[in-house]
Every structure is written in C-alpha cells, then in structure tokens.
Amino acid sequence: MVKMSLDPVQVMSGQVKELQVAPSSNGDSRAPWEEKEEFDQDHLGLTTKPKPVTGRRARKVEGGVFFPKPENAVTIAVSSRVLFRTEHEQKVFEQKGVEEYLRYQIEHENEPFAPGPAFPFVKALEAVNNRLRELYPQSEELFDIILVTYNHAHVGIRLINTINHHNLFIERFCMTGGSSPTGYLKAWQTNLYLSADANKVQEALAEGIAAATMFMQEKVTEVSESQLRVAFDGDAVLFSDESERIFKAHGLDKFFEHEREHEDTLLDHGPLKGFLEALGKLQKKFYAKGQRMECPIRTYLVTARSAASSGIRALKTLRAWGLEIDEALFLAGAPKGPMLQKIKPHIYFDDQMFHVEGAVEMGTIAAHVPYGIAQKKNPKQNTSSGK
C-alpha cells in the first residue's frame with residue numbers, strides 16, 4: 001500500500017487583467033526579485049524545485065478589484081500546508097523552534113512552495129469561476145478561496161509570493177499566529193474547510209462547518225483541468241451515521257432490515273450535505289443557460305451500500321432534499337479505489353480511513369471526514385497539531 005503521511009500538513013465581474021510591473025532602476029521590466037527559473041517536474045507533474053518567484057501580479061477587473069460578499073459566495077478555506085508542500089519547513093519548526101522557523105521563512109521568502117494535495121482542487125475551483133464569469137459577469141455567486149494558516153504574519157510574504165508564482169487568485173488570508181481559526185471560519189461563512197490538523201477539523205465540524213483532513217501522498221492521478229469533480233461517501237458524510245451505527249452494532253442483516261423498514265424515512269443530514277448543496281446551486285446556474293451537459297462541476301456518490309438492499313433510502317433522501325448527484329455508485333462492499341481511479345476526482349470525502357487509504361493507494365486525492373461512529377475505532381486518525 002502506498003504510504004501516506006499522517007502528520008499534519010496544516011499551517012470577480014468582467015475581463016480579468018494584469019497590472020504590469022514598472023521597470024526597475026536598471027531598466028529591467030521585471031520586479032527586483034524576479035529571476036529566470038527552470039522547472040523540474042516530479043512524477044505528479046506539479047512539484048518545482050525552490051527557485052525565486054516570478055514577478056508579483058495584481059489582478060483587476062473592469063471597474064476595480066472584484067470580490068464576492070461571503071453571503072453570496074461558496075467559501076472554501078484551505079490550510080496553507082495542504083495547498084502547498086511545506087514538510088521541510090515543518091521539520092525546521094519541530095527541531096529548532098519557532099524563532100528559527102520564522103527566520104528560515106524570511107530568508108527563503110522569495111522561494112515558492114511546491115503544490116500540495118489541495119492544489120488541483122483549488123485550480124479546478126478557479127476554472128469554474130472563469131466559466132461563471134463568462135455567463136454571469138455581474139454575479140457574486142462564485143467560489144471564494146481563503147488561505148488559512150497558523151503561521152505568524154511574517155510568513156505571509158512567502159505565501160503571497162508563492163500564490164503569485166502559481167498564478168492563483170487568492171486575495172483573502174487568515175494568519176492566526178498559532179490560534180484556532182474556527183471563529184474566523186464562521187465569520188467568513190465558510191462552506192468547506194480543508195486542513196491537515198484533525199483536531200481543528202473536528203472543531204470546525206462541531207461548529208457545523210463542513211471540514212475534512214487532507215494528507216500528503218506521493219502518487220496522484222492526473223485530473224481534469226476544465227471540470228471540477230467531487231466525490232462523496234454516503235453515510236457519515238452526506239448523511240448522518242444512523243444506519244452505520246445499526247451496522248456496527250447488529251451486523252449486515254439487521255442493517256438491511258432496518259433500511260427496508262425505513263426506506264420512506266429520510267436520513268438525517270451529514271456534515272458535508274451543505275457543501276453538496278452549494279455545489280448544486282452553482283451547477284444550476286449552468287443548467288439555466290442550457291449547459292447541463294457542458295457543466296464544469298460534476299458530483300459523485302461512491303458508497304459501500306448495495307443498491308437493491310439499501311440504496312432506495314439514500315436516493316429518496318437526496319431527492320427530497322432537492323439535490324442532484326450526477327453519478328451514483330453502489331458498490332455493495334467492493335473496494336472503492338478502482339472506481340475512484342476511473343472517476344479521477346479532485347477530491348473524495350470519506351469518514352473511514354480504510355477507504356481513504358484505499359483511494360490514496362490508487363492515486364486519488366482523498367480527504368477524511370472525522371465524524372460518526374467509525375471514529376471510535378480509528379487509531380490512525382491524526383490528532384497532533386503543528387505550526
């Protein structure tokens with residue numbers, strides 16, 4: 001099985017334009033820190049060797065800089081250490097302490113971080129935003145990405161340089177200097193929080209914020225650059241863990257019996273139901289323009305439930321909620337990894353580490369939702385915190 005790090009890897013209307021950097025005193029049109037750089041792609045086609053960043057770009061739209069209001073946007077909060085790879089910096093912090101860590105970051109602030117596991121997901125969000133702006137130039141119903149980090153503000157310069165180096169459109173930062181970001185997540189009206197600190201993810205879940213833990217992995221399948229694909233497990237992710245509790249306590253036969261008896265009773269909502277709703281709201285904007293088949297958002301239900309014995313209740317619940325899933329796979333206990341390898345999602349959410357590890361083994365970027373009865377027997381759950 002592919003090894004997966006369980007250490008924390010934490011911490012818009014009109015045509016987009018770029019402001020050109022003014023020439024320097026020596027006549028060079030590049031910014032002072034900009035140097036020629038060469039990229040060495042790793043097997044993921046993403047990782048770069050640390051090189052000085054290219055010139056910082058400021059983005060404008062007609063009429064000024066455009067940012068959606070939190071109440072209108074689908075807000076995605078991403079930890080800096082899942083968006084980028086900062087394992088070396090984490091070792092400096094752990095081995096030499098916070099002062100040396102800050103000194104190191106300042107000394108290397110012109111060297112961009114390489115992409116982390118959440119990077120393809122964020123790029124796909126931006127691709128969807130580009131399509132939405134084409135169809136609805138004045139709309140604020142967009143993905144709004146917030147970079148969340150436990151780092152001191154001194155590290156912000158390196159993060160900004162990295163974001164500009166990778167040409168990401170992330171203007172909202174939350175640098176907490178070691179404090180919990182949960183209160184800020186609520187203030188931002190966050191629809192999804194991705195981190196590597198399971199404790200902070202659980203805090204967010206306890207506050208009703210959809211959240212999941214991400215992990216560094218060495219093997220990642222190439223994903224679409226034009227269509228955002230998000231896959232969900234069912235029980236304890238989209239739905240509550242009610243049925244899973246029956247299975248854990250009484251076995252498979254009782255589970256099937258319970259589902260048949262309650263097939264007309266809706267399942268309660270799980271922690272990521274709201275995020276699926278938010279995706280559905282944006283999908284419908286494309287449907288309204290006659291672009292259902294060309295929609296750049298596609299959702300998947302990938303569940304261990306069997307269709308005939310326990311699938312009806314799940315589908316009736318989604319229908320009653322007014323939610324559409326583009327594809328539903330009922331695997332009846334079969335491994336999820338091969339199906340996910342075929343789907344190639346930008347992210348897959350599951351409450352059980354067994355399935356997360358199976359997905360990672362096949363190269364899928366998977367996130368753990370530490371919620372429900374399955375967590376009581378999950379010794380591999382990451383509960384440590386870091387910088």
# chains A, B, ... in the order shown; residues from 1 in each chain; ligands from 1

$ residues_around --residues "A:Ala236" --least-positions-apart "6" --cutoff "10 Å" --atoms "only C-alpha atoms" --output "list in words"
Glu242, Ser243, Glu244, Arg245, Asp268, His269, Gly270, Pro271, Leu272, Lys273, Asp350, Asp351, Gln352, Val369, Pro370, Tyr371, Gly372, Ile373 and Ala374 of chain A

$ write_last_selection --atoms "all heavy atoms" --output "compact mmCIF listing (two decimals), in the first residue's frame"
# COMPACT_ATOMS: atom_id res chain seq x y z
N GLU A 242 -26.55 7.31 11.30
CA GLU A 242 -27.61 6.47 11.88
C GLU A 242 -27.53 5.02 11.40
O GLU A 242 -27.50 4.08 12.19
CB GLU A 242 -28.97 7.05 11.52
CG GLU A 242 -30.16 6.12 11.82
CD GLU A 242 -31.35 6.38 10.92
OE1 GLU A 242 -31.58 7.56 10.55
OE2 GLU A 242 -32.06 5.42 10.58
N SER A 243 -27.51 4.82 10.09
CA SER A 243 -27.51 3.47 9.53
C SER A 243 -26.20 2.75 9.81
O SER A 243 -26.18 1.53 10.03
CB SER A 243 -27.77 3.53 8.03
OG SER A 243 -29.04 4.09 7.77
N GLU A 244 -25.10 3.51 9.81
CA GLU A 244 -23.80 2.91 10.09
C GLU A 244 -23.75 2.39 11.53
O GLU A 244 -23.12 1.36 11.81
CB GLU A 244 -22.70 3.93 9.84
CG GLU A 244 -21.32 3.30 9.67
CD GLU A 244 -20.34 4.27 9.02
OE1 GLU A 244 -20.65 4.79 7.93
OE2 GLU A 244 -19.28 4.49 9.63
N ARG A 245 -24.43 3.09 12.43
CA ARG A 245 -24.48 2.63 13.82
C ARG A 245 -25.23 1.30 13.92
O ARG A 245 -24.83 0.41 14.69
CB ARG A 245 -25.16 3.69 14.70
CG ARG A 245 -24.32 4.91 14.95
CD ARG A 245 -25.06 5.96 15.77
NE ARG A 245 -24.22 7.10 16.04
CZ ARG A 245 -23.38 7.20 17.07
NH1 ARG A 245 -23.29 6.20 17.94
NH2 ARG A 245 -22.63 8.28 17.23
N ASP A 268 -31.08 11.65 8.22
CA ASP A 268 -30.70 12.98 8.68
C ASP A 268 -29.47 13.43 7.90
O ASP A 268 -28.76 12.63 7.31
CB ASP A 268 -30.42 12.95 10.18
CG ASP A 268 -30.44 14.33 10.81
OD1 ASP A 268 -30.69 15.32 10.07
OD2 ASP A 268 -30.21 14.44 12.03
N HIS A 269 -29.20 14.74 7.93
CA HIS A 269 -28.08 15.26 7.14
C HIS A 269 -26.75 14.94 7.80
O HIS A 269 -26.63 14.85 9.02
CB HIS A 269 -28.21 16.76 6.93
CG HIS A 269 -28.05 17.56 8.20
ND1 HIS A 269 -26.83 17.95 8.69
CD2 HIS A 269 -28.97 18.03 9.07
CE1 HIS A 269 -27.00 18.63 9.80
NE2 HIS A 269 -28.29 18.69 10.06
N GLY A 270 -25.73 14.79 6.99
CA GLY A 270 -24.36 14.61 7.46
C GLY A 270 -23.57 15.90 7.33
O GLY A 270 -24.08 16.93 6.86
N PRO A 271 -22.29 15.89 7.71
CA PRO A 271 -21.51 17.13 7.77
C PRO A 271 -21.25 17.80 6.43
O PRO A 271 -21.01 19.00 6.38
CB PRO A 271 -20.19 16.68 8.42
CG PRO A 271 -20.12 15.21 8.18
CD PRO A 271 -21.53 14.72 8.21
N LEU A 272 -21.28 17.06 5.30
CA LEU A 272 -20.97 17.67 4.02
C LEU A 272 -22.20 17.88 3.13
O LEU A 272 -22.07 18.23 1.96
CB LEU A 272 -19.92 16.84 3.28
CG LEU A 272 -18.48 17.35 3.48
CD1 LEU A 272 -18.03 17.11 4.91
CD2 LEU A 272 -17.52 16.72 2.51
N LYS A 273 -23.40 17.69 3.69
CA LYS A 273 -24.60 17.94 2.90
C LYS A 273 -24.63 19.38 2.40
O LYS A 273 -24.97 19.66 1.24
CB LYS A 273 -25.84 17.67 3.74
CG LYS A 273 -27.15 17.97 2.99
CD LYS A 273 -28.26 18.42 3.91
CE LYS A 273 -29.48 18.88 3.13
NZ LYS A 273 -30.49 19.50 4.00
N ASP A 350 -14.50 10.77 2.67
CA ASP A 350 -14.96 9.54 3.31
C ASP A 350 -14.71 9.64 4.81
O ASP A 350 -13.75 10.29 5.24
CB ASP A 350 -14.24 8.32 2.74
CG ASP A 350 -15.01 7.02 2.94
OD1 ASP A 350 -15.23 6.63 4.12
OD2 ASP A 350 -15.40 6.40 1.94
N ASP A 351 -15.57 8.99 5.60
CA ASP A 351 -15.41 9.04 7.05
C ASP A 351 -14.52 7.93 7.58
O ASP A 351 -14.17 7.94 8.77
CB ASP A 351 -16.78 8.94 7.73
CG ASP A 351 -17.44 7.59 7.51
OD1 ASP A 351 -17.60 7.19 6.34
OD2 ASP A 351 -17.81 6.92 8.50
N GLN A 352 -14.14 6.97 6.76
CA GLN A 352 -13.34 5.84 7.23
C GLN A 352 -11.95 5.87 6.60
O GLN A 352 -11.81 5.91 5.38
CB GLN A 352 -14.04 4.53 6.90
CG GLN A 352 -15.40 4.39 7.57
CD GLN A 352 -15.97 3.00 7.48
OE1 GLN A 352 -15.29 2.02 7.80
NE2 GLN A 352 -17.21 2.88 7.06
N VAL A 369 -13.19 12.69 6.72
CA VAL A 369 -14.18 13.43 7.49
C VAL A 369 -14.30 12.75 8.86
O VAL A 369 -14.94 11.70 8.98
CB VAL A 369 -15.55 13.45 6.78
CG1 VAL A 369 -16.56 14.26 7.58
CG2 VAL A 369 -15.41 14.00 5.37
N PRO A 370 -13.67 13.28 9.90
CA PRO A 370 -13.66 12.61 11.21
C PRO A 370 -14.97 12.80 11.96
O PRO A 370 -15.07 13.54 12.94
CB PRO A 370 -12.49 13.29 11.93
CG PRO A 370 -12.43 14.66 11.34
CD PRO A 370 -12.87 14.52 9.91
N TYR A 371 -15.98 12.08 11.51
CA TYR A 371 -17.33 12.24 12.05
C TYR A 371 -17.99 10.89 12.16
O TYR A 371 -17.83 10.02 11.30
CB TYR A 371 -18.13 13.15 11.11
CG TYR A 371 -19.60 13.28 11.45
CD1 TYR A 371 -20.04 14.22 12.37
CD2 TYR A 371 -20.55 12.46 10.83
CE1 TYR A 371 -21.39 14.35 12.67
CE2 TYR A 371 -21.90 12.58 11.13
CZ TYR A 371 -22.32 13.52 12.05
OH TYR A 371 -23.66 13.63 12.35
N GLY A 372 -18.75 10.68 13.24
CA GLY A 372 -19.58 9.50 13.34
C GLY A 372 -18.95 8.33 14.07
O GLY A 372 -17.83 8.39 14.59
N ILE A 373 -19.68 7.22 14.08
CA ILE A 373 -19.32 6.04 14.84
C ILE A 373 -18.00 5.43 14.42
O ILE A 373 -17.28 4.83 15.23
CB ILE A 373 -20.45 4.98 14.73
CG1 ILE A 373 -20.21 3.80 15.66
CG2 ILE A 373 -20.61 4.51 13.29
CD1 ILE A 373 -20.32 4.15 17.12
N ALA A 374 -17.62 5.59 13.15
CA ALA A 374 -16.38 4.98 12.65
C ALA A 374 -15.15 5.55 13.34
O ALA A 374 -14.11 4.88 13.39
CB ALA A 374 -16.27 5.18 11.14

$ closest_residue --among "A:Asn72, A:Ser306, A:Thr182, A:Thr221" --to "A:Tyr150" --atoms "only C-alpha atoms"
A:Thr182

$ closest_residue --among "A:Gln375, A:Ser195, A:Gln202, A:Ser179" --to "A:Phe215" --atoms "only C-alpha atoms"
A:Ser195

$ select_by_dssp --residues "stretch 100-291 of chain A" --states "alpha helix (DSSP H)" --output "number ranges by chain"
A: 100-107, 119-135, 156-165, 182-187, 198-206, 242-250, 252-261, 273-287

$ write_last_selection --atoms "C-alpha atoms" --output "PDB file, in the first residue's frame"
ATOM      1  CA  GLU A 100      14.448  29.743  13.883  1.00  0.00           C
ATOM      2  CA  TYR A 101      11.399  28.720  11.862  1.00  0.00           C
ATOM      3  CA  LEU A 102      10.395  32.360  11.315  1.00  0.00           C
ATOM      4  CA  ARG A 103      13.982  33.302  10.462  1.00  0.00           C
ATOM      5  CA  TYR A 104      14.151  30.491   7.908  1.00  0.00           C
ATOM      6  CA  GLN A 105      10.879  31.538   6.284  1.00  0.00           C
ATOM      7  CA  ILE A 106      12.004  35.149   5.954  1.00  0.00           C
ATOM      8  CA  GLU A 107      15.355  34.110   4.489  1.00  0.00           C
ATOM      9  CA  PHE A 119      -3.700  22.474  -5.259  1.00  0.00           C
ATOM     10  CA  PRO A 120      -5.516  20.689  -8.158  1.00  0.00           C
ATOM     11  CA  PHE A 121      -8.840  21.193  -6.331  1.00  0.00           C
ATOM     12  CA  VAL A 122      -8.222  24.935  -5.974  1.00  0.00           C
ATOM     13  CA  LYS A 123      -7.182  25.246  -9.624  1.00  0.00           C
ATOM     14  CA  ALA A 124     -10.419  23.491 -10.628  1.00  0.00           C
ATOM     15  CA  LEU A 125     -12.430  25.945  -8.495  1.00  0.00           C
ATOM     16  CA  GLU A 126     -10.818  28.811 -10.360  1.00  0.00           C
ATOM     17  CA  ALA A 127     -11.619  27.172 -13.716  1.00  0.00           C
ATOM     18  CA  VAL A 128     -15.296  27.014 -12.690  1.00  0.00           C
ATOM     19  CA  ASN A 129     -15.175  30.679 -11.671  1.00  0.00           C
ATOM     20  CA  ASN A 130     -13.874  31.622 -15.106  1.00  0.00           C
ATOM     21  CA  ARG A 131     -16.858  29.904 -16.731  1.00  0.00           C
ATOM     22  CA  LEU A 132     -19.295  31.534 -14.317  1.00  0.00           C
ATOM     23  CA  ARG A 133     -17.887  34.994 -15.037  1.00  0.00           C
ATOM     24  CA  GLU A 134     -18.390  34.414 -18.763  1.00  0.00           C
ATOM     25  CA  LEU A 135     -22.068  33.536 -18.243  1.00  0.00           C
ATOM     26  CA  GLY A 156       2.703  35.886   4.722  1.00  0.00           C
ATOM     27  CA  ILE A 157       5.202  37.379   2.271  1.00  0.00           C
ATOM     28  CA  ARG A 158       6.412  33.947   1.193  1.00  0.00           C
ATOM     29  CA  LEU A 159       2.824  32.734   0.847  1.00  0.00           C
ATOM     30  CA  ILE A 160       1.859  35.748  -1.264  1.00  0.00           C
ATOM     31  CA  ASN A 161       4.925  35.260  -3.453  1.00  0.00           C
ATOM     32  CA  THR A 162       4.016  31.594  -3.877  1.00  0.00           C
ATOM     33  CA  ILE A 163       0.421  32.375  -4.823  1.00  0.00           C
ATOM     34  CA  ASN A 164       1.585  34.848  -7.459  1.00  0.00           C
ATOM     35  CA  HIS A 165       4.201  32.395  -8.703  1.00  0.00           C
ATOM     36  CA  THR A 182     -12.601  28.210  13.861  1.00  0.00           C
ATOM     37  CA  GLY A 183     -14.063  31.575  14.859  1.00  0.00           C
ATOM     38  CA  TYR A 184     -12.782  33.159  11.670  1.00  0.00           C
ATOM     39  CA  LEU A 185     -14.228  30.323   9.601  1.00  0.00           C
ATOM     40  CA  LYS A 186     -17.665  31.113  10.994  1.00  0.00           C
ATOM     41  CA  ALA A 187     -17.206  34.820  10.286  1.00  0.00           C
ATOM     42  CA  ALA A 198      -7.669  16.673  12.577  1.00  0.00           C
ATOM     43  CA  ASN A 199      -8.260  18.472  15.883  1.00  0.00           C
ATOM     44  CA  LYS A 200      -9.035  21.731  14.082  1.00  0.00           C
ATOM     45  CA  VAL A 201     -11.172  19.867  11.531  1.00  0.00           C
ATOM     46  CA  GLN A 202     -13.182  18.348  14.373  1.00  0.00           C
ATOM     47  CA  GLU A 203     -13.587  21.788  15.949  1.00  0.00           C
ATOM     48  CA  ALA A 204     -14.985  23.074  12.667  1.00  0.00           C
ATOM     49  CA  LEU A 205     -17.335  20.097  12.326  1.00  0.00           C
ATOM     50  CA  ALA A 206     -18.578  20.684  15.871  1.00  0.00           C
ATOM     51  CA  GLU A 242     -27.607   6.466  11.884  1.00  0.00           C
ATOM     52  CA  SER A 243     -27.510   3.472   9.532  1.00  0.00           C
ATOM     53  CA  GLU A 244     -23.803   2.908  10.094  1.00  0.00           C
ATOM     54  CA  ARG A 245     -24.485   2.629  13.817  1.00  0.00           C
ATOM     55  CA  ILE A 246     -27.023  -0.118  13.130  1.00  0.00           C
ATOM     56  CA  PHE A 247     -24.484  -1.989  11.039  1.00  0.00           C
ATOM     57  CA  LYS A 248     -21.716  -1.631  13.638  1.00  0.00           C
ATOM     58  CA  ALA A 249     -23.957  -2.763  16.496  1.00  0.00           C
ATOM     59  CA  HIS A 250     -26.043  -5.500  14.888  1.00  0.00           C
ATOM     60  CA  LEU A 252     -25.268  -6.568   7.954  1.00  0.00           C
ATOM     61  CA  ASP A 253     -28.575  -8.450   8.085  1.00  0.00           C
ATOM     62  CA  LYS A 254     -30.033  -6.082  10.680  1.00  0.00           C
ATOM     63  CA  PHE A 255     -28.749  -3.152   8.649  1.00  0.00           C
ATOM     64  CA  PHE A 256     -30.596  -4.354   5.542  1.00  0.00           C
ATOM     65  CA  GLU A 257     -33.742  -4.986   7.589  1.00  0.00           C
ATOM     66  CA  HIS A 258     -33.538  -1.513   9.128  1.00  0.00           C
ATOM     67  CA  GLU A 259     -33.127   0.159   5.730  1.00  0.00           C
ATOM     68  CA  ARG A 260     -36.081  -1.710   4.205  1.00  0.00           C
ATOM     69  CA  GLU A 261     -38.315  -0.774   7.136  1.00  0.00           C
ATOM     70  CA  LYS A 273     -24.600  17.937   2.902  1.00  0.00           C
ATOM     71  CA  GLY A 274     -24.309  21.741   2.882  1.00  0.00           C
ATOM     72  CA  PHE A 275     -21.271  21.646   0.627  1.00  0.00           C
ATOM     73  CA  LEU A 276     -23.105  19.425  -1.877  1.00  0.00           C
ATOM     74  CA  GLU A 277     -25.981  21.938  -1.756  1.00  0.00           C
ATOM     75  CA  ALA A 278     -23.560  24.756  -2.533  1.00  0.00           C
ATOM     76  CA  LEU A 279     -22.153  22.840  -5.498  1.00  0.00           C
ATOM     77  CA  GLY A 280     -25.690  22.163  -6.702  1.00  0.00           C
ATOM     78  CA  LYS A 281     -26.543  25.862  -6.559  1.00  0.00           C
ATOM     79  CA  LEU A 282     -23.667  26.660  -8.891  1.00  0.00           C
ATOM     80  CA  GLN A 283     -24.488  23.738 -11.180  1.00  0.00           C
ATOM     81  CA  LYS A 284     -28.000  25.106 -11.676  1.00  0.00           C
ATOM     82  CA  LYS A 285     -26.558  28.386 -12.966  1.00  0.00           C
ATOM     83  CA  PHE A 286     -25.077  26.409 -15.865  1.00  0.00           C
ATOM     84  CA  TYR A 287     -28.289  24.424 -16.365  1.00  0.00           C
TER      85      TYR A 287
END

$ decode --residues "stretch 335-346 of chain A" --atoms "all heavy atoms" --output "short mmCIF file (atom, residue, chain, number, x, y, z; two decimals), in the first residue's frame"
data_model
loop_
_atom_site.label_atom_id
_atom_site.label_comp_id
_atom_site.auth_asym_id
_atom_site.auth_seq_id
_atom_site.Cartn_x
_atom_site.Cartn_y
_atom_site.Cartn_z
N PRO A 335 -14.21 -2.77 -3.10
CA PRO A 335 -13.24 -1.69 -2.89
C PRO A 335 -13.59 -0.44 -3.71
O PRO A 335 -14.02 -0.53 -4.86
CB PRO A 335 -11.91 -2.29 -3.37
CG PRO A 335 -12.10 -3.76 -3.22
CD PRO A 335 -13.55 -4.02 -3.53
N LYS A 336 -13.40 0.72 -3.10
CA LYS A 336 -13.72 1.97 -3.78
C LYS A 336 -12.59 2.47 -4.67
O LYS A 336 -12.82 3.25 -5.60
CB LYS A 336 -14.07 3.05 -2.74
CG LYS A 336 -15.31 2.72 -1.91
CD LYS A 336 -15.63 3.85 -0.94
CE LYS A 336 -16.88 3.54 -0.13
NZ LYS A 336 -17.23 4.63 0.79
N GLY A 337 -11.37 2.06 -4.37
CA GLY A 337 -10.20 2.57 -5.08
C GLY A 337 -10.29 2.47 -6.59
O GLY A 337 -10.07 3.48 -7.29
N PRO A 338 -10.62 1.31 -7.17
CA PRO A 338 -10.69 1.21 -8.63
C PRO A 338 -11.74 2.12 -9.25
O PRO A 338 -11.52 2.68 -10.34
CB PRO A 338 -11.03 -0.27 -8.86
CG PRO A 338 -10.50 -0.96 -7.65
CD PRO A 338 -10.73 -0.01 -6.52
N MET A 339 -12.89 2.30 -8.59
CA MET A 339 -13.92 3.19 -9.12
C MET A 339 -13.45 4.65 -9.07
O MET A 339 -13.67 5.41 -10.01
CB MET A 339 -15.21 3.05 -8.31
CG MET A 339 -15.86 1.67 -8.37
SD MET A 339 -16.40 1.21 -10.03
CE MET A 339 -15.09 0.05 -10.49
N LEU A 340 -12.80 5.00 -8.00
CA LEU A 340 -12.30 6.37 -7.88
C LEU A 340 -11.18 6.64 -8.88
O LEU A 340 -11.05 7.76 -9.39
CB LEU A 340 -11.81 6.62 -6.45
CG LEU A 340 -12.92 6.64 -5.39
CD1 LEU A 340 -12.31 6.57 -3.99
CD2 LEU A 340 -13.78 7.88 -5.54
N GLN A 341 -10.39 5.62 -9.16
CA GLN A 341 -9.34 5.78 -10.16
C GLN A 341 -9.95 6.09 -11.53
O GLN A 341 -9.38 6.85 -12.32
CB GLN A 341 -8.50 4.51 -10.23
CG GLN A 341 -7.27 4.63 -11.12
CD GLN A 341 -6.47 3.35 -11.17
OE1 GLN A 341 -7.03 2.26 -11.16
NE2 GLN A 341 -5.16 3.47 -11.21
N LYS A 342 -11.12 5.52 -11.80
CA LYS A 342 -11.81 5.78 -13.06
C LYS A 342 -12.43 7.18 -13.07
O LYS A 342 -12.37 7.90 -14.08
CB LYS A 342 -12.90 4.73 -13.26
CG LYS A 342 -13.73 4.92 -14.52
CD LYS A 342 -12.89 4.69 -15.77
CE LYS A 342 -13.76 4.78 -17.02
NZ LYS A 342 -12.94 4.63 -18.26
N ILE A 343 -13.01 7.60 -11.93
CA ILE A 343 -13.64 8.92 -11.83
C ILE A 343 -12.61 10.04 -11.90
O ILE A 343 -12.85 11.08 -12.51
CB ILE A 343 -14.44 9.03 -10.52
CG1 ILE A 343 -15.61 8.05 -10.53
CG2 ILE A 343 -14.92 10.45 -10.28
CD1 ILE A 343 -16.31 7.93 -9.18
N LYS A 344 -11.47 9.85 -11.26
CA LYS A 344 -10.42 10.86 -11.16
C LYS A 344 -10.94 12.15 -10.54
O LYS A 344 -10.85 13.24 -11.14
CB LYS A 344 -9.80 11.13 -12.53
CG LYS A 344 -9.12 9.93 -13.16
CD LYS A 344 -8.49 10.26 -14.51
CE LYS A 344 -7.83 9.03 -15.11
NZ LYS A 344 -7.23 9.35 -16.44
N PRO A 345 -11.47 12.08 -9.32
CA PRO A 345 -11.98 13.31 -8.68
C PRO A 345 -10.84 14.21 -8.21
O PRO A 345 -9.73 13.74 -7.94
CB PRO A 345 -12.77 12.76 -7.49
CG PRO A 345 -12.04 11.50 -7.12
CD PRO A 345 -11.59 10.91 -8.44
N HIS A 346 -11.15 15.49 -8.09
CA HIS A 346 -10.18 16.41 -7.49
C HIS A 346 -10.11 16.20 -5.99
O HIS A 346 -9.09 16.53 -5.37
CB HIS A 346 -10.56 17.85 -7.80
CG HIS A 346 -10.40 18.19 -9.25
ND1 HIS A 346 -11.40 17.94 -10.18
CD2 HIS A 346 -9.37 18.73 -9.94
CE1 HIS A 346 -10.97 18.33 -11.38
NE2 HIS A 346 -9.76 18.81 -11.26
#
